Structures are given as C-alpha cells and as structure tokens.
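J.: Coordinates in entry.cif, mmCIF, C-alpha atoms; chains and numbers go by the auth columns, are listed below.
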data_input
loop_
_atom_site.group_PDB
_atom_site.id
_atom_site.type_symbol
_atom_site.label_atom_id
_atom_site.label_comp_id
_atom_site.label_asym_id
_atom_site.label_seq_id
_atom_site.Cartn_x
_atom_site.Cartn_y
_atom_site.Cartn_z
_atom_site.B_iso_or_equiv
_atom_site.auth_seq_id
_atom_site.auth_asym_id
ATOM 1 C CA MET A 1 -161.406 -166.431 61.660 0.00 1 V
ATOM 2 C CA ALA A 2 -161.693 -164.042 64.564 0.00 2 V
ATOM 3 C CA VAL A 3 -160.767 -160.797 66.241 0.00 3 V
ATOM 4 C CA LEU A 4 -157.074 -161.362 66.917 0.00 4 V
ATOM 5 C CA ASN A 5 -154.721 -159.885 69.505 0.00 5 V
ATOM 6 C CA LEU A 6 -157.681 -159.723 71.879 0.00 6 V
ATOM 7 C CA ARG A 7 -157.281 -159.002 75.597 0.00 7 V
ATOM 8 C CA PRO A 8 -159.010 -157.064 78.395 0.00 8 V
ATOM 9 C CA LEU A 9 -157.826 -153.902 80.130 0.00 9 V
ATOM 10 C CA ALA A 10 -159.078 -151.718 82.974 0.00 10 V
ATOM 11 C CA GLY A 11 -160.742 -154.490 84.909 0.00 11 V
ATOM 12 C CA GLY A 12 -162.412 -155.787 81.736 0.00 12 V
ATOM 13 C CA ARG A 13 -164.149 -152.502 80.941 0.00 13 V
ATOM 14 C CA ILE A 14 -162.025 -152.243 77.787 0.00 14 V
ATOM 15 C CA LEU A 15 -161.174 -154.950 75.268 0.00 15 V
ATOM 16 C CA ARG A 16 -158.486 -154.274 72.702 0.00 16 V
ATOM 17 C CA GLY A 17 -158.095 -156.208 69.474 0.00 17 V
ATOM 18 C CA SER A 18 -157.735 -156.349 65.711 0.00 18 V
ATOM 19 C CA GLN A 19 -160.337 -155.897 63.025 0.00 19 V
ATOM 20 C CA PRO A 20 -162.856 -158.762 62.601 0.00 20 V
ATOM 21 C CA PHE A 21 -160.901 -160.981 60.211 0.00 21 V
ATOM 22 C CA GLY A 22 -163.261 -163.275 58.310 0.00 22 V
ATOM 23 C CA LEU A 23 -166.241 -162.970 60.661 0.00 23 V
ATOM 24 C CA ASP A 24 -169.596 -163.313 58.934 0.00 24 V
ATOM 25 C CA ALA A 25 -172.800 -161.886 60.398 0.00 25 V
ATOM 26 C CA ALA A 26 -173.567 -164.887 62.606 0.00 26 V
ATOM 27 C CA ALA A 27 -170.014 -165.179 63.918 0.00 27 V
ATOM 28 C CA THR A 28 -169.902 -161.451 64.636 0.00 28 V
ATOM 29 C CA SER A 29 -173.117 -161.569 66.643 0.00 29 V
ATOM 30 C CA GLY A 30 -171.829 -164.568 68.549 0.00 30 V
ATOM 31 C CA PHE A 31 -168.514 -162.875 69.296 0.00 31 V
ATOM 32 C CA LEU A 32 -170.163 -159.685 70.580 0.00 32 V
ATOM 33 C CA ALA A 33 -172.563 -161.655 72.782 0.00 33 V
ATOM 34 C CA GLU A 34 -169.837 -163.951 74.121 0.00 34 V
ATOM 35 C CA HIS A 35 -167.759 -161.010 75.319 0.00 35 V
ATOM 36 C CA GLY A 36 -170.661 -158.855 76.489 0.00 36 V
ATOM 37 C CA ILE A 37 -169.585 -156.004 74.236 0.00 37 V
ATOM 38 C CA GLN A 38 -171.804 -152.930 74.412 0.00 38 V
ATOM 39 C CA ALA A 39 -169.792 -150.583 72.190 0.00 39 V
ATOM 40 C CA ILE A 40 -167.226 -150.935 69.404 0.00 40 V
ATOM 41 C CA VAL A 41 -164.831 -148.071 68.765 0.00 41 V
ATOM 42 C CA ASP A 42 -163.348 -148.605 65.306 0.00 42 V
ATOM 43 C CA LEU A 43 -160.195 -146.540 64.775 0.00 43 V
ATOM 44 C CA ARG A 44 -159.675 -147.523 61.134 0.00 44 V
ATOM 45 C CA SER A 45 -159.891 -145.317 58.073 0.00 45 V
ATOM 46 C CA GLU A 46 -162.834 -145.561 55.703 0.00 46 V
ATOM 47 C CA LEU A 47 -160.773 -147.639 53.264 0.00 47 V
ATOM 48 C CA GLU A 48 -159.726 -150.087 55.951 0.00 48 V
ATOM 49 C CA ARG A 49 -163.309 -150.477 57.161 0.00 49 V
ATOM 50 C CA SER A 50 -164.528 -151.097 53.620 0.00 50 V
ATOM 51 C CA LEU A 51 -162.137 -154.045 53.249 0.00 51 V
ATOM 52 C CA VAL A 52 -163.076 -155.714 56.529 0.00 52 V
ATOM 53 C CA PRO A 53 -166.388 -154.302 57.810 0.00 53 V
ATOM 54 C CA TRP A 54 -168.166 -155.196 61.005 0.00 54 V
ATOM 55 C CA LEU A 55 -171.119 -157.402 59.952 0.00 55 V
ATOM 56 C CA VAL A 56 -174.287 -158.433 61.732 0.00 56 V
ATOM 57 C CA ALA A 57 -177.588 -159.814 60.486 0.00 57 V
ATOM 58 C CA ASP A 58 -180.273 -157.282 59.679 0.00 58 V
ATOM 59 C CA GLY A 59 -183.969 -157.915 60.226 0.00 59 V
ATOM 60 C CA GLY A 60 -184.142 -160.182 57.194 0.00 60 V
ATOM 61 C CA GLY A 61 -181.161 -162.253 58.196 0.00 61 V
ATOM 62 C CA GLU A 62 -178.878 -160.788 55.558 0.00 62 V
ATOM 63 C CA PRO A 63 -175.414 -159.414 56.402 0.00 63 V
ATOM 64 C CA ALA A 64 -175.295 -155.690 56.840 0.00 64 V
ATOM 65 C CA ALA A 65 -172.553 -153.334 57.931 0.00 65 V
ATOM 66 C CA VAL A 66 -174.698 -152.115 60.817 0.00 66 V
ATOM 67 C CA VAL A 67 -174.516 -153.094 64.462 0.00 67 V
ATOM 68 C CA PRO A 68 -177.904 -153.452 66.190 0.00 68 V
ATOM 69 C CA PRO A 69 -178.909 -150.918 68.867 0.00 69 V
ATOM 70 C CA ALA A 70 -177.679 -153.160 71.686 0.00 70 V
ATOM 71 C CA VAL A 71 -174.129 -152.588 70.456 0.00 71 V
ATOM 72 C CA GLU A 72 -173.078 -149.068 69.550 0.00 72 V
ATOM 73 C CA LEU A 73 -170.682 -148.911 66.582 0.00 73 V
ATOM 74 C CA ILE A 74 -168.552 -145.775 66.737 0.00 74 V
ATOM 75 C CA HIS A 75 -166.318 -144.787 63.841 0.00 75 V
ATOM 76 C CA ASN A 76 -163.437 -142.755 65.256 0.00 76 V
ATOM 77 C CA PRO A 77 -160.890 -142.897 62.437 0.00 77 V
ATOM 78 C CA LEU A 78 -157.266 -141.962 62.391 0.00 78 V
ATOM 79 C CA ASP A 79 -155.504 -142.467 59.079 0.00 79 V
ATOM 80 C CA PRO A 80 -151.801 -142.930 59.904 0.00 80 V
ATOM 81 C CA ASN A 81 -150.867 -141.756 56.420 0.00 81 V
ATOM 82 C CA ALA A 82 -152.564 -138.403 56.953 0.00 82 V
ATOM 83 C CA VAL A 83 -151.526 -137.497 60.509 0.00 83 V
ATOM 84 C CA ALA A 84 -148.144 -136.515 61.936 0.00 84 V
ATOM 85 C CA GLY A 85 -145.295 -138.130 60.122 0.00 85 V
ATOM 86 C CA SER A 86 -144.697 -140.804 57.528 0.00 86 V
ATOM 87 C CA LEU A 87 -144.999 -144.515 58.208 0.00 87 V
ATOM 88 C CA GLN A 88 -142.159 -145.059 55.755 0.00 88 V
ATOM 89 C CA ALA A 89 -139.893 -142.898 57.911 0.00 89 V
ATOM 90 C CA VAL A 90 -140.190 -145.241 60.908 0.00 90 V
ATOM 91 C CA GLU A 91 -136.865 -147.052 61.128 0.00 91 V
ATOM 92 C CA THR A 92 -136.197 -147.329 64.878 0.00 92 V
ATOM 93 C CA ALA A 93 -138.228 -147.999 68.005 0.00 93 V
ATOM 94 C CA GLU A 94 -137.807 -144.335 68.923 0.00 94 V
ATOM 95 C CA ASP A 95 -139.238 -143.311 65.542 0.00 95 V
ATOM 96 C CA LEU A 96 -142.262 -145.458 66.273 0.00 96 V
ATOM 97 C CA GLY A 97 -142.716 -143.859 69.689 0.00 97 V
ATOM 98 C CA ASP A 98 -142.422 -140.403 68.132 0.00 98 V
ATOM 99 C CA LEU A 99 -145.094 -141.326 65.581 0.00 99 V
ATOM 100 C CA TYR A 100 -147.464 -142.241 68.407 0.00 100 V
ATOM 101 C CA LEU A 101 -146.670 -139.013 70.222 0.00 101 V
ATOM 102 C CA GLY A 102 -147.487 -137.040 67.076 0.00 102 V
ATOM 103 C CA TRP A 103 -150.940 -138.619 66.907 0.00 103 V
ATOM 104 C CA VAL A 104 -151.689 -137.716 70.505 0.00 104 V
ATOM 105 C CA ARG A 105 -150.272 -134.219 70.134 0.00 105 V
ATOM 106 C CA LEU A 106 -152.352 -133.398 67.052 0.00 106 V
ATOM 107 C CA ARG A 107 -155.502 -135.384 67.859 0.00 107 V
ATOM 108 C CA PRO A 108 -156.075 -135.438 71.639 0.00 108 V
ATOM 109 C CA GLU A 109 -159.839 -135.474 71.108 0.00 109 V
ATOM 110 C CA TRP A 110 -159.439 -138.693 69.112 0.00 110 V
ATOM 111 C CA VAL A 111 -158.087 -140.417 72.225 0.00 111 V
ATOM 112 C CA ALA A 112 -160.844 -139.006 74.430 0.00 112 V
ATOM 113 C CA ASP A 113 -163.556 -140.034 71.957 0.00 113 V
ATOM 114 C CA ALA A 114 -162.132 -143.562 71.811 0.00 114 V
ATOM 115 C CA LEU A 115 -162.266 -143.952 75.588 0.00 115 V
ATOM 116 C CA ARG A 116 -165.588 -142.170 76.205 0.00 116 V
ATOM 117 C CA PRO A 117 -167.857 -145.240 75.936 0.00 117 V
ATOM 118 C CA ALA A 118 -165.737 -147.107 78.487 0.00 118 V
ATOM 119 C CA ALA A 119 -165.662 -144.009 80.677 0.00 119 V
ATOM 120 C CA GLN A 120 -169.475 -144.043 80.545 0.00 120 V
ATOM 121 C CA GLY A 121 -169.512 -147.601 81.873 0.00 121 V
ATOM 122 C CA LYS A 122 -169.909 -149.578 78.637 0.00 122 V
ATOM 123 C CA ARG A 123 -167.879 -152.710 78.007 0.00 123 V
ATOM 124 C CA THR A 124 -166.027 -151.438 74.959 0.00 124 V
ATOM 125 C CA LEU A 125 -164.006 -153.092 72.214 0.00 125 V
ATOM 126 C CA ILE A 126 -161.385 -150.755 70.750 0.00 126 V
ATOM 127 C CA ASN A 127 -159.926 -151.936 67.459 0.00 127 V
ATOM 128 C CA CYS A 128 -157.889 -150.860 64.466 0.00 128 V
ATOM 129 C CA SER A 129 -156.439 -153.172 61.822 0.00 129 V
ATOM 130 C CA LEU A 130 -153.896 -155.168 63.833 0.00 130 V
ATOM 131 C CA GLY A 131 -154.819 -153.794 67.238 0.00 131 V
ATOM 132 C CA LYS A 132 -151.214 -152.656 67.622 0.00 132 V
ATOM 133 C CA ASP A 133 -150.521 -148.965 66.968 0.00 133 V
ATOM 134 C CA ARG A 134 -153.678 -146.851 67.115 0.00 134 V
ATOM 135 C CA THR A 135 -155.279 -149.296 69.523 0.00 135 V
ATOM 136 C CA GLY A 136 -151.994 -149.482 71.414 0.00 136 V
ATOM 137 C CA VAL A 137 -151.830 -145.724 71.932 0.00 137 V
ATOM 138 C CA VAL A 138 -155.437 -145.451 73.119 0.00 138 V
ATOM 139 C CA SER A 139 -155.034 -148.525 75.314 0.00 139 V
ATOM 140 C CA ALA A 140 -151.871 -147.142 76.888 0.00 140 V
ATOM 141 C CA ILE A 141 -153.580 -143.908 77.922 0.00 141 V
ATOM 142 C CA GLY A 142 -156.702 -145.754 79.044 0.00 142 V
ATOM 143 C CA LEU A 143 -154.653 -148.148 81.140 0.00 143 V
ATOM 144 C CA LEU A 144 -152.734 -145.296 82.755 0.00 144 V
ATOM 145 C CA ALA A 145 -155.988 -143.472 83.507 0.00 145 V
ATOM 146 C CA ALA A 146 -157.313 -146.647 85.135 0.00 146 V
ATOM 147 C CA GLY A 147 -154.324 -146.693 87.485 0.00 147 V
ATOM 148 C CA GLY A 148 -151.950 -148.897 85.532 0.00 148 V
ATOM 149 C CA THR A 149 -148.200 -148.468 85.811 0.00 149 V
ATOM 150 C CA GLU A 150 -145.741 -147.760 83.022 0.00 150 V
ATOM 151 C CA ASP A 151 -144.470 -151.336 83.240 0.00 151 V
ATOM 152 C CA GLN A 152 -148.000 -152.699 82.861 0.00 152 V
ATOM 153 C CA VAL A 153 -148.558 -150.509 79.811 0.00 153 V
ATOM 154 C CA VAL A 154 -145.292 -151.642 78.238 0.00 154 V
ATOM 155 C CA GLN A 155 -146.042 -155.290 78.961 0.00 155 V
ATOM 156 C CA ASP A 156 -149.495 -155.002 77.410 0.00 156 V
ATOM 157 C CA TYR A 157 -148.127 -153.280 74.306 0.00 157 V
ATOM 158 C CA SER A 158 -145.294 -155.766 73.783 0.00 158 V
ATOM 159 C CA THR A 159 -147.691 -158.702 74.180 0.00 159 V
ATOM 160 C CA THR A 160 -148.772 -157.970 70.606 0.00 160 V
ATOM 161 C CA THR A 161 -145.365 -159.251 69.445 0.00 161 V
ATOM 162 C CA HIS A 162 -146.507 -162.844 69.982 0.00 162 V
ATOM 163 C CA SER A 163 -149.536 -162.379 67.723 0.00 163 V
ATOM 164 C CA LEU A 164 -147.833 -160.474 64.915 0.00 164 V
ATOM 165 C CA PRO A 165 -146.629 -163.333 62.660 0.00 165 V
ATOM 166 C CA ASP A 166 -150.114 -164.839 62.345 0.00 166 V
ATOM 167 C CA MET A 167 -151.771 -161.441 62.053 0.00 167 V
ATOM 168 C CA LEU A 168 -149.426 -160.218 59.339 0.00 168 V
ATOM 169 C CA GLN A 169 -150.084 -163.354 57.311 0.00 169 V
ATOM 170 C CA VAL A 170 -153.841 -162.873 57.594 0.00 170 V
ATOM 171 C CA MET A 171 -153.506 -159.159 56.868 0.00 171 V
ATOM 172 C CA ALA A 172 -151.458 -159.835 53.748 0.00 172 V
ATOM 173 C CA GLU A 173 -154.022 -162.342 52.479 0.00 173 V
ATOM 174 C CA THR A 174 -156.846 -159.886 53.150 0.00 174 V
ATOM 175 C CA TRP A 175 -155.211 -157.014 51.278 0.00 175 V
ATOM 176 C CA ARG A 176 -154.143 -159.182 48.337 0.00 176 V
ATOM 177 C CA LEU A 177 -157.714 -160.373 48.003 0.00 177 V
ATOM 178 C CA HIS A 178 -159.072 -156.835 47.705 0.00 178 V
ATOM 179 C CA VAL A 179 -156.005 -154.985 46.395 0.00 179 V
ATOM 180 C CA PRO A 180 -154.010 -157.558 44.384 0.00 180 V
ATOM 181 C CA SER A 181 -151.309 -155.041 43.505 0.00 181 V
ATOM 182 C CA THR A 182 -150.238 -154.672 47.150 0.00 182 V
ATOM 183 C CA PRO A 183 -146.527 -155.631 47.383 0.00 183 V
ATOM 184 C CA ALA A 184 -145.697 -158.520 49.700 0.00 184 V
ATOM 185 C CA GLN A 185 -142.964 -156.488 51.409 0.00 185 V
ATOM 186 C CA TYR A 186 -145.629 -154.194 52.888 0.00 186 V
ATOM 187 C CA PHE A 187 -146.288 -156.976 55.396 0.00 187 V
ATOM 188 C CA SER A 188 -142.714 -157.924 56.227 0.00 188 V
ATOM 189 C CA PRO A 189 -142.133 -158.470 59.970 0.00 189 V
ATOM 190 C CA ASP A 190 -138.729 -156.855 59.458 0.00 190 V
ATOM 191 C CA LEU A 191 -140.390 -153.435 59.097 0.00 191 V
ATOM 192 C CA MET A 192 -140.254 -151.487 62.346 0.00 192 V
ATOM 193 C CA ILE A 193 -143.727 -150.097 61.701 0.00 193 V
ATOM 194 C CA LEU A 194 -145.003 -153.692 61.973 0.00 194 V
ATOM 195 C CA GLN A 195 -143.254 -154.453 65.257 0.00 195 V
ATOM 196 C CA SER A 196 -144.169 -153.695 68.870 0.00 196 V
ATOM 197 C CA PRO A 197 -140.903 -153.346 70.798 0.00 197 V
ATOM 198 C CA GLU A 198 -140.887 -152.284 74.440 0.00 198 V
ATOM 199 C CA ALA A 199 -138.552 -149.405 73.593 0.00 199 V
ATOM 200 C CA ALA A 200 -141.177 -147.791 71.342 0.00 200 V
ATOM 201 C CA MET A 201 -143.792 -147.642 74.082 0.00 201 V
ATOM 202 C CA ARG A 202 -141.290 -146.487 76.722 0.00 202 V
ATOM 203 C CA HIS A 203 -140.195 -143.694 74.372 0.00 203 V
ATOM 204 C CA PHE A 204 -143.816 -142.691 73.810 0.00 204 V
ATOM 205 C CA LEU A 205 -144.617 -142.734 77.532 0.00 205 V
ATOM 206 C CA ALA A 206 -141.592 -140.593 78.375 0.00 206 V
ATOM 207 C CA GLY A 207 -142.612 -138.013 75.774 0.00 207 V
ATOM 208 C CA PHE A 208 -146.242 -138.148 76.881 0.00 208 V
ATOM 209 C CA ALA A 209 -145.270 -137.479 80.503 0.00 209 V
ATOM 210 C CA ARG A 210 -143.067 -134.539 79.503 0.00 210 V
ATOM 211 C CA GLU A 211 -145.722 -132.913 77.345 0.00 211 V
ATOM 212 C CA PHE A 212 -148.978 -133.781 79.095 0.00 212 V
ATOM 213 C CA GLY A 213 -148.187 -134.854 82.633 0.00 213 V
ATOM 214 C CA ASN A 214 -150.609 -137.629 83.553 0.00 214 V
ATOM 215 C CA ALA A 215 -153.271 -139.487 81.597 0.00 215 V
ATOM 216 C CA ARG A 216 -156.251 -138.288 83.608 0.00 216 V
ATOM 217 C CA GLY A 217 -155.316 -134.644 83.186 0.00 217 V
ATOM 218 C CA PHE A 218 -154.732 -135.199 79.484 0.00 218 V
ATOM 219 C CA LEU A 219 -158.171 -136.775 79.053 0.00 219 V
ATOM 220 C CA ARG A 220 -159.847 -133.910 80.896 0.00 220 V
ATOM 221 C CA GLU A 221 -158.165 -131.418 78.586 0.00 221 V
ATOM 222 C CA ALA A 222 -159.066 -133.592 75.577 0.00 222 V
ATOM 223 C CA GLY A 223 -162.776 -133.536 76.321 0.00 223 V
ATOM 224 C CA LEU A 224 -163.794 -136.133 78.901 0.00 224 V
ATOM 225 C CA THR A 225 -165.720 -134.869 81.900 0.00 225 V
ATOM 226 C CA ALA A 226 -164.407 -135.186 85.441 0.00 226 V
ATOM 227 C CA VAL A 227 -167.032 -137.874 86.103 0.00 227 V
ATOM 228 C CA GLU A 228 -165.956 -139.851 83.028 0.00 228 V
ATOM 229 C CA VAL A 229 -162.285 -139.668 83.962 0.00 229 V
ATOM 230 C CA GLU A 230 -163.085 -140.720 87.521 0.00 230 V
ATOM 231 C CA SER A 231 -165.089 -143.654 86.150 0.00 231 V
ATOM 232 C CA LEU A 232 -162.095 -144.829 84.134 0.00 232 V
ATOM 233 C CA GLY A 233 -159.955 -144.502 87.245 0.00 233 V
ATOM 234 C CA GLY A 234 -162.400 -146.688 89.157 0.00 234 V
ATOM 235 C CA ALA A 235 -162.325 -149.414 86.499 0.00 235 V
ATOM 236 C CA GLY A 236 -159.055 -150.802 87.894 0.00 236 V
ATOM 237 C CA THR A 237 -156.215 -152.470 86.028 0.00 237 V
#
Written as structure tokens, that's how I'd like the structure from this file.

T.:
Amino acid sequence: MAVLNLRPLAGGRILRGSQPFGLDAAATSGFLAEHGIQAIVDLRSELERSLVPWLVADGGGEPAAVVPPAVELIHNPLDPNAVAGSLQAVETAEDLGDLYLGWVRLRPEWVADALRPAAQGKRTLINCSLGKDRTGVVSAIGLLAAGGTEDQVVQDYSTTTHSLPDMLQVMAETWRLHVPSTPAQYFSPDLMILQSPEAAMRHFLAGFAREFGNARGFLREAGLTAVEVESLGGAGT
C-alpha cells in the first residue's frame, strides 16, 4: 500500500496526500526518505489516526507510532463532525464549498499551523484521510500564498477525482477492518462529500476572497510571521 493522492505543490516545498494506507515501519521510513520529507502535518482526528497511524521503527526495530527526530510529526487535527456544519447536509458542490469556508472561518489558526513547517523551509507532507477536503483546503491557501492562480488551485483540487474510486475502496476496507459495523454506503462515490468537483473549490475561493481578501494577508492574520509568509511566496508554484 502507500500514501495515495500524492503530489507536490509550491515548487515541491509541500506534498499533499492521503493517510499512510497499509505502510509498515520499514515502508514508512522508505517513503519518507524517498521524498525527502522533513515534517508531516497530520490533519486527522485522534480516532482517524488510531486506525491508520504513522509507523516507523524504534531503536529496537519494532513499529512505533513515533517519527524519529529527523522527521517532525505534527498533529493538527480538525474533526469535520465537530466544526462548522454537518457532513450529512452536503448535497451540492456549493454546500461542499460552504463547508470548507466554515472551517477556515472558525479555525484560521489551523490553516496557519498546517503551513508553518513549509513556511519555515521544511519539505512538508500535509495529509488527512483521503487527502481531499482538509488537505484540499490547506493546499488551496498554500498554493495561493505561493503565487498560484485560482485555475491552478481548482485544477489541483479536482485532480483528486481520478484517485477517488481506488481510495474509497481502500478506505472502506480499512474502516470495516477496525469498525465492522460501518455501513457500506458511507463510502459511496455518489455522496457529494466524497467528490471533488471544480464547482466546490471555485465556490470556496469566491467566498474566501470576499471574506479574507488574499491568502498571504489571511495567513498573517492567522498567525504566520511576515518572514514565513514571504518564504511561502518565494516557494513558487
């Protein structure tokens, strides 16, 4: 298995992706080394992390849910069920964009904290479960701050569509293994909450621009320093 939905942003300073599906300690270490990852920002809830933890070998060679000092593991959780709106209420692309806007509106510091390692020059992997929604929101703002255009943000977000069928199958298998009572329909690709349509990201970006102006100003207000924001801007697209 692997980290799915994986791709670079901001000149390679940021990698975005899914959780580490099926990676044991050795495979995890190999993956981190292969991609030169210096920090992992994990946006998942405690429950999600417990089902699919990041694993590396400890000093005795046994798996442990600890990343060695060379790679900083940062837990920066956002539980979609506890913040701004109901996942079950998402029926249209606009609903999905509004959900994202609610996260940013209520938790601006969450976005800043997710991007801080990259803003400090570390090659950073940002992940949630599928690497679609929470990762998509953070990636969108990071890409804008790095000088990306709206069209580039939308293209990056919608790229996830190609990975979704395989990811949803793996996700369903993972949850059924640990939570056998999970209904199969929770992972139906027909659910809007499990899609990544262009219209959702365009709706989010329009609302973001109305409320916050530009990404760099937003990140300054959310807690990044001027130097950190400038560093993101110099990372390129």

J.: Kindly resolve the PyMOL selection byres ((chain V and resi 219-227) around 9) on the present coordinates and return the residues as JSON, numbers by chain.

T.: {"V": [107, 108, 109, 110, 111, 112, 113, 115, 116, 119, 120, 141, 145, 214, 215, 216, 217, 218, 228, 229, 230, 231, 232]}

J.: Taking (-151.3, -160.3, 53.5) as a centre in this file's frame and 12 Å as the limit, can you find every polymer residue with an atom that close, using all atoms listed in the file, and give them as a VMD selection string?

T.: chain V and resid 21 130 164 to 189

J.: So what do you get for CA of Leu144 (chain V) versus CA of Gln195 (chain V), distance-wise?

T.: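 One can read the CA of Leu144 (chain V) to CA of Gln195 (chain V) distance as 21.9 Å.
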
J.: Could you please determine the separation between CA of Ala114 (chain V) and CA of Ile74 (chain V) in Å, to one decimal place?

T.: 8.5 Å

J.: On this structure, the PyMOL selection byres ((chain V and resi 87) around 12) would catch which residues? List them as a list in words, sorted by chain and number.

T.: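 Output from the PyMOL selection byres ((chain V and resi 87) around 12), applied to this file: Asp79, Pro80, Asn81, Ala82, Val83, Ala84, Gly85, Ser86, Gln88, Ala89, Val90, Glu91, Thr92, Asp95, Leu96, Gly97, Asp98, Leu99, Tyr100, Gly102, Asp133, Tyr186, Leu191, Met192, Ile193 and Leu194 of chain V.
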
J.: Would you compute the distance between CA of Ala206 (chain V) and CA of Gly12 (chain V)? Give it in Å to one decimal.

T.: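 Spanning CA of Ala206 (chain V) to CA of Gly12 (chain V) is a straight-line distance of 26.0 Å.
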
J.: Using only C-alpha atoms for the distances, tell me which of V:Leu101, V:Leu125, V:Leu73, V:Ala93 is nearest to Phe31 (chain V).

T.: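 Of V:Leu101, V:Leu125, V:Leu73, V:Ala93, the one nearest Phe31 (chain V) is V:Leu125, counting only C-alpha atoms.
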
J.: Rank nothing, just name the residue among V:Glu34, V:Phe212, V:Trp54, V:Val104 nearest to Cys128 (chain V), using all atoms listed in the file.

T.: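 Looking at the shortest contact to Cys128 (chain V), the residue is V:Trp54.
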
J.: Kindly indicate which residue among V:Ser196, V:Thr135, V:Ser29, V:Thr149 lies nearest to Arg7 (chain V), using only C-alpha atoms for the distances.

T.: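 Between V:Ser196, V:Thr135, V:Ser29, V:Thr149, the residue approaching Arg7 (chain V) most closely is V:Thr135.
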
J.: Given the file above and the PyMOL selection byres ((chain V and resi 124) around 12), which residues are selected, and can you give them as number ranges by chain?

T.: V: 7-17, 32, 35-42, 71-74, 114-123, 125-127, 139, 142, 232

J.: Can I get the selected residues back with C-alpha atoms, as a compact mmCIF listing (two decimals), in the frame of the given file?

T.:
# COMPACT_ATOMS: atom_id res chain seq x y z
CA ARG V 7 -157.28 -159.00 75.60
CA PRO V 8 -159.01 -157.06 78.40
CA LEU V 9 -157.83 -153.90 80.13
CA ALA V 10 -159.08 -151.72 82.97
CA GLY V 11 -160.74 -154.49 84.91
CA GLY V 12 -162.41 -155.79 81.74
CA ARG V 13 -164.15 -152.50 80.94
CA ILE V 14 -162.02 -152.24 77.79
CA LEU V 15 -161.17 -154.95 75.27
CA ARG V 16 -158.49 -154.27 72.70
CA GLY V 17 -158.10 -156.21 69.47
CA LEU V 32 -170.16 -159.68 70.58
CA HIS V 35 -167.76 -161.01 75.32
CA GLY V 36 -170.66 -158.85 76.49
CA ILE V 37 -169.58 -156.00 74.24
CA GLN V 38 -171.80 -152.93 74.41
CA ALA V 39 -169.79 -150.58 72.19
CA ILE V 40 -167.23 -150.94 69.40
CA VAL V 41 -164.83 -148.07 68.76
CA ASP V 42 -163.35 -148.60 65.31
CA VAL V 71 -174.13 -152.59 70.46
CA GLU V 72 -173.08 -149.07 69.55
CA LEU V 73 -170.68 -148.91 66.58
CA ILE V 74 -168.55 -145.78 66.74
CA ALA V 114 -162.13 -143.56 71.81
CA LEU V 115 -162.27 -143.95 75.59
CA ARG V 116 -165.59 -142.17 76.20
CA PRO V 117 -167.86 -145.24 75.94
CA ALA V 118 -165.74 -147.11 78.49
CA ALA V 119 -165.66 -144.01 80.68
CA GLN V 120 -169.48 -144.04 80.54
CA GLY V 121 -169.51 -147.60 81.87
CA LYS V 122 -169.91 -149.58 78.64
CA ARG V 123 -167.88 -152.71 78.01
CA LEU V 125 -164.01 -153.09 72.21
CA ILE V 126 -161.38 -150.76 70.75
CA ASN V 127 -159.93 -151.94 67.46
CA SER V 139 -155.03 -148.52 75.31
CA GLY V 142 -156.70 -145.75 79.04
CA LEU V 232 -162.10 -144.83 84.13

J.: For region 12-15 of chain V, I'd like the enclosing box, axis-aligned and padded by 5 Å on every side, reported as lines of an AutoDock Vina configuration file with centre and edge lengths in Å to one decimal.

T.:
center_x = -162.7
center_y = -154.0
center_z = 78.5
size_x = 13.0
size_y = 13.5
size_z = 16.5

J.: Go through V:Leu205, V:Met1, V:Leu143, V:Ala33 one by one, measure the shortest atom-to-atom distance of each to Gly233 (chain V) using only C-alpha atoms, and give the residue with the smallest value.

T.: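 Ranking V:Leu205, V:Met1, V:Leu143, V:Ala33 by distance to Gly233 (chain V), first place goes to V:Leu143.
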
J.: Nearest to Ala209 (chain V): which of V:Thr28, V:Ser50, V:Glu150, V:Leu4 is it, counting all atoms listed in the file?

T.: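 So, comparing all the options, the nearest one is V:Glu150.
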